[in-house]
Amino acid sequence: MLVDGGDRRLGLLPYAALAGSTVLVLLASDTGEIARQPLPVSFAVAAVTAGWLSWTRWRRPGAAWFTGLLTLIAALVWTNPLYGFFAWTGYVHVMHALRGRGRLLGAAGVGVCTAMAQVGGAGAVRVPDDWGTLAVVVALNVAIGTAMTVLATRTREHHAQRAEMVRRLAQANDELAAALAENAGLQARLVVQAREAGVRDERQRLAGEIHDVLAQGLTGIVTQLEAAEQADGRPADRRRHLGNARRLARESLAEARRSVRALRPEPLDAATLPDALAGVVDGWSARHGVPAELITTGTARPLLPEIETALLRTAQEALANVARHAGARRVALTLSYLEDLVTLDVHDDGRGFDPAAPRPCADDGGYGLTAMRERVRRIAGTLAVESHPGAGTAVSACVPAIPAGAAA
């Protein structure tokens, strides 16, 4: 049996085995069949062995110490084979005092000593009659001792690997706990930032809705009322302008209510985007007396409400800008459905302007292009404006063609 010498519970075992063997030697001192040395010689070697064992209480044993112990075990077995009951405790120290292949050599040495004790000591071996028996006993002891040493070595290595794995797992758990704590802090900051970004985005959305719905409607109403004032001598034109003003007021009021409830624009409630744009174009042309047409290319398909709303609002704002600033004689809108994109182009033949020139916001306008850009950018789109003085203006919005029902 092999026992790890590092186990403190076995610290007194070698002393107990040595004392027990010495008692057996004393009790069997009158037995004539045992080849032995005088008792004083045995007791002297036993005393030296006990002192040698005490070395392990002060320092860690090594190969030199184990060599001395193995020599003392062989001397005890030579003085009396009954010390074989102590000889096997050499296995206790093999794992603790030796390393690598030295453990196999140490176990083999202990096996030879125990084999000599089992055959009755060196004095009991008759040459050459008992050489065969001695060789078999030695071989068995050495084989068993070295095999158990290999097994104990692997068991110790397995335990060491498992202890290292447990240590690494504990370290990983500590690092994971620290990472989770850090992530919790980051998540809290991200939540705050997301909330702030949501507030800013909602403010921009409301600003765009107010501009698109209220400002455009009120501008159209003012324009129609001014036209009615200038048509005093033309009753039919006056009634037409007043009717347009009333219709714009009702439409603006309905759109304002829907915007507050964050619903889709009224034209999109019961119509496709091309039909809704056609209605907007026809209504704008009728109010302002400017020919306007809508051309749709590609296969029309339902898109996310946010995308259709952005395109509709862009068309409304672009037409409102044409009415306020362009003095155009003709307007053309093109809605193109591509594979992954949808584009809306609004082109007029008006007076044009310089897009690079600063256009400060004012109470009577100047916010339209900014509102369009922000609205299109919120749905991952782009807005381009091309214009030259005297050559008209082209506004182009390009947005992703995300189908209705897809995850945003």
# chains A, B, ... in the order shown; residues from 1 in each chain; ligands from 1
>>> select_by_dssp(residues="region 362-399 of chain A", states="strand (DSSP E or B)", output="VMD selection string")
chain A and resid 362 365 382 to 387 393 to 399
>>> atom_distance(atom1="CA of Pro403 (chain A)", atom2="CA of Thr334 (chain A)")
19.7 Å
>>> closest_atom_pairs(of="region 265-356 of chain A", to="region 225-245 of chain A", cutoff="12 Å", atoms="only C-alpha atoms", output="Markdown table")
| residue | atom | partner | partner_atom | distance |
| --- | --- | --- | --- | --- |
| A:Gly283 | CA | A:Asn244 | CA | 9.7 |
| A:Trp284 | CA | A:Asn244 | CA | 10.3 |
| A:Ser285 | CA | A:Asn244 | CA | 11.7 |
| A:Ala286 | CA | A:Asn244 | CA | 9.1 |
| A:Arg287 | CA | A:Asn244 | CA | 6.6 |
| A:His288 | CA | A:His241 | CA | 9.6 |
| A:Gly289 | CA | A:His241 | CA | 11.2 |
>>> atom_distance(atom1="CA of Asn321 (chain A)", atom2="CA of Asp348 (chain A)")
10.4 Å
>>> residues_around(residues="Pro302 (chain A)", least_positions_apart="6", cutoff="12 Å", atoms="only C-alpha atoms", output="VMD selection string")
chain A and resid 268 271 to 275 308 to 309 337 342 401 to 406
>>> write_last_selection(atoms="C-alpha atoms", output="short mmCIF file (atom, residue, chain, number, x, y, z; two decimals), in the first residue's frame")
data_model
loop_
_atom_site.label_atom_id
_atom_site.label_comp_id
_atom_site.auth_asym_id
_atom_site.auth_seq_id
_atom_site.Cartn_x
_atom_site.Cartn_y
_atom_site.Cartn_z
CA LEU A 268 -51.76 56.81 -45.68
CA ALA A 271 -54.23 54.33 -49.38
CA THR A 272 -50.86 53.17 -50.63
CA LEU A 273 -47.92 55.55 -50.72
CA PRO A 274 -48.22 56.24 -54.49
CA ASP A 275 -51.95 56.95 -54.12
CA GLU A 308 -43.78 55.94 -45.97
CA THR A 309 -44.52 58.77 -43.54
CA TYR A 337 -39.02 51.49 -56.08
CA VAL A 342 -36.87 53.84 -52.53
CA ALA A 401 -36.88 49.81 -48.80
CA ILE A 402 -37.78 47.92 -45.60
CA PRO A 403 -41.03 46.01 -46.13
CA ALA A 404 -43.99 46.50 -43.85
CA GLY A 405 -43.94 44.14 -40.86
CA ALA A 406 -40.13 43.79 -40.79
#
>>> closest_residue(among="A:Thr49, A:Gln171, A:Gln224, A:Ser252", to="Leu72 (chain A)", atoms="only C-alpha atoms")
A:Thr49
>>> closest_atom_pairs(of="region 139-169 of chain A", to="region 94-97 of chain A", cutoff="9 Å", atoms="only C-alpha atoms", output="tab-separated table")
residue	atom	partner	partner_atom	distance
A:Thr149	CA	A:Met95	CA	7.5
A:Ala152	CA	A:Met95	CA	7.8
A:Thr153	CA	A:Met95	CA	7.3
>>> residues_around(residues="region 135-148 of chain A", least_positions_apart="3", cutoff="9 Å", atoms="only C-alpha atoms", output="list of chain:residue names")
A:Met1, A:Leu2, A:Tyr91, A:Arg103, A:Leu104, A:Leu105, A:Gly106, A:Ala107, A:Ala108, A:Gly109, A:Val110, A:Gly111, A:Val112, A:Cys113, A:Thr114, A:Ala115, A:Met116, A:Gln118, A:Val119, A:Asp130, A:Trp131, A:Gly132, A:Leu151, A:Ala152, A:Thr153
>>> write_last_selection(atoms="N, CA and C atoms", output="PDB file, in the first residue's frame")
ATOM      1  N   MET A   1       0.849  -1.196   0.000  1.00  0.00           N
ATOM      2  CA  MET A   1       0.000   0.000   0.000  1.00  0.00           C
ATOM      3  C   MET A   1       0.881   1.241   0.000  1.00  0.00           C
ATOM      4  N   LEU A   2       0.599   2.174  -0.884  1.00  0.00           N
ATOM      5  CA  LEU A   2       1.354   3.400  -0.968  1.00  0.00           C
ATOM      6  C   LEU A   2       0.554   4.512  -0.341  1.00  0.00           C
ATOM      7  N   TYR A  91       7.597   3.200   1.541  1.00  0.00           N
ATOM      8  CA  TYR A  91       6.715   3.688   0.492  1.00  0.00           C
ATOM      9  C   TYR A  91       6.038   5.003   0.892  1.00  0.00           C
ATOM     10  N   ARG A 103      11.360   8.389  -8.010  1.00  0.00           N
ATOM     11  CA  ARG A 103      10.334   7.684  -7.250  1.00  0.00           C
ATOM     12  C   ARG A 103      10.314   6.198  -7.596  1.00  0.00           C
ATOM     13  N   LEU A 104      10.487   5.899  -8.889  1.00  0.00           N
ATOM     14  CA  LEU A 104      10.507   4.484  -9.283  1.00  0.00           C
ATOM     15  C   LEU A 104      11.724   3.778  -8.686  1.00  0.00           C
ATOM     16  N   LEU A 105      12.893   4.443  -8.689  1.00  0.00           N
ATOM     17  CA  LEU A 105      14.080   3.823  -8.100  1.00  0.00           C
ATOM     18  C   LEU A 105      13.904   3.638  -6.599  1.00  0.00           C
ATOM     19  N   GLY A 106      13.333   4.645  -5.929  1.00  0.00           N
ATOM     20  CA  GLY A 106      13.103   4.520  -4.488  1.00  0.00           C
ATOM     21  C   GLY A 106      12.133   3.403  -4.168  1.00  0.00           C
ATOM     22  N   ALA A 107      11.033   3.289  -4.958  1.00  0.00           N
ATOM     23  CA  ALA A 107      10.071   2.212  -4.718  1.00  0.00           C
ATOM     24  C   ALA A 107      10.713   0.851  -4.963  1.00  0.00           C
ATOM     25  N   ALA A 108      11.590   0.767  -5.977  1.00  0.00           N
ATOM     26  CA  ALA A 108      12.279  -0.507  -6.232  1.00  0.00           C
ATOM     27  C   ALA A 108      13.190  -0.873  -5.073  1.00  0.00           C
ATOM     28  N   GLY A 109      13.880   0.138  -4.507  1.00  0.00           N
ATOM     29  CA  GLY A 109      14.748  -0.142  -3.365  1.00  0.00           C
ATOM     30  C   GLY A 109      13.966  -0.631  -2.158  1.00  0.00           C
ATOM     31  N   VAL A 110      12.817  -0.007  -1.887  1.00  0.00           N
ATOM     32  CA  VAL A 110      11.986  -0.470  -0.766  1.00  0.00           C
ATOM     33  C   VAL A 110      11.471  -1.874  -1.047  1.00  0.00           C
ATOM     34  N   GLY A 111      11.145  -2.169  -2.322  1.00  0.00           N
ATOM     35  CA  GLY A 111      10.673  -3.508  -2.668  1.00  0.00           C
ATOM     36  C   GLY A 111      11.730  -4.567  -2.419  1.00  0.00           C
ATOM     37  N   VAL A 112      12.999  -4.238  -2.711  1.00  0.00           N
ATOM     38  CA  VAL A 112      14.087  -5.198  -2.458  1.00  0.00           C
ATOM     39  C   VAL A 112      14.216  -5.468  -0.966  1.00  0.00           C
ATOM     40  N   CYS A 113      14.126  -4.415  -0.135  1.00  0.00           N
ATOM     41  CA  CYS A 113      14.249  -4.588   1.315  1.00  0.00           C
ATOM     42  C   CYS A 113      13.111  -5.431   1.880  1.00  0.00           C
ATOM     43  N   THR A 114      11.891  -5.160   1.453  1.00  0.00           N
ATOM     44  CA  THR A 114      10.754  -5.949   1.946  1.00  0.00           C
ATOM     45  C   THR A 114      10.851  -7.396   1.463  1.00  0.00           C
ATOM     46  N   ALA A 115      11.377  -7.595   0.231  1.00  0.00           N
ATOM     47  CA  ALA A 115      11.540  -8.969  -0.269  1.00  0.00           C
ATOM     48  C   ALA A 115      12.563  -9.728   0.573  1.00  0.00           C
ATOM     49  N   MET A 116      13.658  -9.084   0.956  1.00  0.00           N
ATOM     50  CA  MET A 116      14.662  -9.733   1.799  1.00  0.00           C
ATOM     51  C   MET A 116      14.062 -10.093   3.156  1.00  0.00           C
ATOM     52  N   GLN A 118      10.927 -10.813   3.690  1.00  0.00           N
ATOM     53  CA  GLN A 118       9.969 -11.901   3.488  1.00  0.00           C
ATOM     54  C   GLN A 118      10.647 -13.261   3.350  1.00  0.00           C
ATOM     55  N   VAL A 119      11.874 -13.287   2.822  1.00  0.00           N
ATOM     56  CA  VAL A 119      12.577 -14.578   2.676  1.00  0.00           C
ATOM     57  C   VAL A 119      13.386 -14.917   3.922  1.00  0.00           C
ATOM     58  N   ASP A 130      18.556 -20.947  -3.155  1.00  0.00           N
ATOM     59  CA  ASP A 130      17.425 -20.037  -2.947  1.00  0.00           C
ATOM     60  C   ASP A 130      17.452 -18.808  -3.873  1.00  0.00           C
ATOM     61  N   TRP A 131      18.379 -18.801  -4.826  1.00  0.00           N
ATOM     62  CA  TRP A 131      18.435 -17.625  -5.702  1.00  0.00           C
ATOM     63  C   TRP A 131      17.155 -17.469  -6.527  1.00  0.00           C
ATOM     64  N   GLY A 132      16.595 -18.559  -6.994  1.00  0.00           N
ATOM     65  CA  GLY A 132      15.368 -18.480  -7.797  1.00  0.00           C
ATOM     66  C   GLY A 132      14.207 -17.924  -7.001  1.00  0.00           C
ATOM     67  N   LEU A 151       0.864   4.733 -10.102  1.00  0.00           N
ATOM     68  CA  LEU A 151      -0.543   5.070  -9.873  1.00  0.00           C
ATOM     69  C   LEU A 151      -0.680   6.263  -8.932  1.00  0.00           C
ATOM     70  N   ALA A 152       0.108   6.251  -7.855  1.00  0.00           N
ATOM     71  CA  ALA A 152       0.043   7.364  -6.905  1.00  0.00           C
ATOM     72  C   ALA A 152       0.512   8.666  -7.545  1.00  0.00           C
ATOM     73  N   THR A 153       1.546   8.581  -8.415  1.00  0.00           N
ATOM     74  CA  THR A 153       2.040   9.783  -9.104  1.00  0.00           C
ATOM     75  C   THR A 153       0.969  10.382 -10.001  1.00  0.00           C
TER      76      THR A 153
END
>>> closest_residue(among="A:Ala160, A:Glu374, A:Pro389, A:Leu180", to="His325 (chain A)", atoms="only C-alpha atoms")
A:Pro389
>>> atom_distance(atom1="CA of Leu98 (chain A)", atom2="CA of Gly120 (chain A)")
28.6 Å
>>> closest_residue(among="A:Val376, A:Val280, A:Leu335, A:Ala63", to="Leu319 (chain A)", atoms="only C-alpha atoms")
A:Val280
>>> residues_around(residues="Ala19 (chain A)", least_positions_apart="6", cutoff="12 Å", atoms="only C-alpha atoms", output="ChimeraX atom specification")
/A:12-13,25-26,42-43,46-47,49-50,82-83,85-86
>>> write_last_selection(atoms="N, CA and C atoms", output="PDB file, in the first residue's frame")
ATOM      1  N   LEU A  12       3.006   9.893  12.392  1.00  0.00           N
ATOM      2  CA  LEU A  12       3.481   8.990  13.457  1.00  0.00           C
ATOM      3  C   LEU A  12       3.512   7.534  13.011  1.00  0.00           C
ATOM      4  N   LEU A  13       2.998   7.264  11.795  1.00  0.00           N
ATOM      5  CA  LEU A  13       2.932   5.868  11.357  1.00  0.00           C
ATOM      6  C   LEU A  13       4.311   5.221  11.279  1.00  0.00           C
ATOM      7  N   VAL A  25      10.783  -8.033  17.574  1.00  0.00           N
ATOM      8  CA  VAL A  25      12.164  -8.534  17.641  1.00  0.00           C
ATOM      9  C   VAL A  25      12.501  -8.963  19.061  1.00  0.00           C
ATOM     10  N   LEU A  26      12.074  -8.185  20.061  1.00  0.00           N
ATOM     11  CA  LEU A  26      12.345  -8.513  21.452  1.00  0.00           C
ATOM     12  C   LEU A  26      11.601  -9.781  21.869  1.00  0.00           C
ATOM     13  N   SER A  42      20.501  -4.496  16.805  1.00  0.00           N
ATOM     14  CA  SER A  42      19.202  -4.131  16.240  1.00  0.00           C
ATOM     15  C   SER A  42      18.660  -2.865  16.886  1.00  0.00           C
ATOM     16  N   PHE A  43      18.766  -2.779  18.232  1.00  0.00           N
ATOM     17  CA  PHE A  43      18.232  -1.614  18.931  1.00  0.00           C
ATOM     18  C   PHE A  43      19.015  -0.345  18.567  1.00  0.00           C
ATOM     19  N   ALA A  46      17.851   0.723  15.190  1.00  0.00           N
ATOM     20  CA  ALA A  46      16.492   1.259  15.315  1.00  0.00           C
ATOM     21  C   ALA A  46      16.513   2.671  15.897  1.00  0.00           C
ATOM     22  N   ALA A  47      17.394   2.916  16.867  1.00  0.00           N
ATOM     23  CA  ALA A  47      17.481   4.244  17.460  1.00  0.00           C
ATOM     24  C   ALA A  47      17.970   5.261  16.434  1.00  0.00           C
ATOM     25  N   THR A  49      17.600   5.020  13.256  1.00  0.00           N
ATOM     26  CA  THR A  49      16.498   5.194  12.287  1.00  0.00           C
ATOM     27  C   THR A  49      15.455   6.159  12.825  1.00  0.00           C
ATOM     28  N   ALA A  50      15.106   6.039  14.113  1.00  0.00           N
ATOM     29  CA  ALA A  50      14.134   6.951  14.705  1.00  0.00           C
ATOM     30  C   ALA A  50      14.633   8.387  14.647  1.00  0.00           C
ATOM     31  N   LEU A  82      12.319  -9.413  11.037  1.00  0.00           N
ATOM     32  CA  LEU A  82      11.036  -8.916  11.543  1.00  0.00           C
ATOM     33  C   LEU A  82      10.879  -7.408  11.339  1.00  0.00           C
ATOM     34  N   TYR A  83      11.989  -6.726  11.058  1.00  0.00           N
ATOM     35  CA  TYR A  83      11.883  -5.301  10.742  1.00  0.00           C
ATOM     36  C   TYR A  83      11.272  -5.070   9.347  1.00  0.00           C
ATOM     37  N   PHE A  85       8.231  -5.436   8.887  1.00  0.00           N
ATOM     38  CA  PHE A  85       6.983  -4.723   9.186  1.00  0.00           C
ATOM     39  C   PHE A  85       7.188  -3.202   9.177  1.00  0.00           C
ATOM     40  N   PHE A  86       8.439  -2.782   9.376  1.00  0.00           N
ATOM     41  CA  PHE A  86       8.750  -1.361   9.278  1.00  0.00           C
ATOM     42  C   PHE A  86       9.218  -0.983   7.862  1.00  0.00           C
TER      43      PHE A  86
END
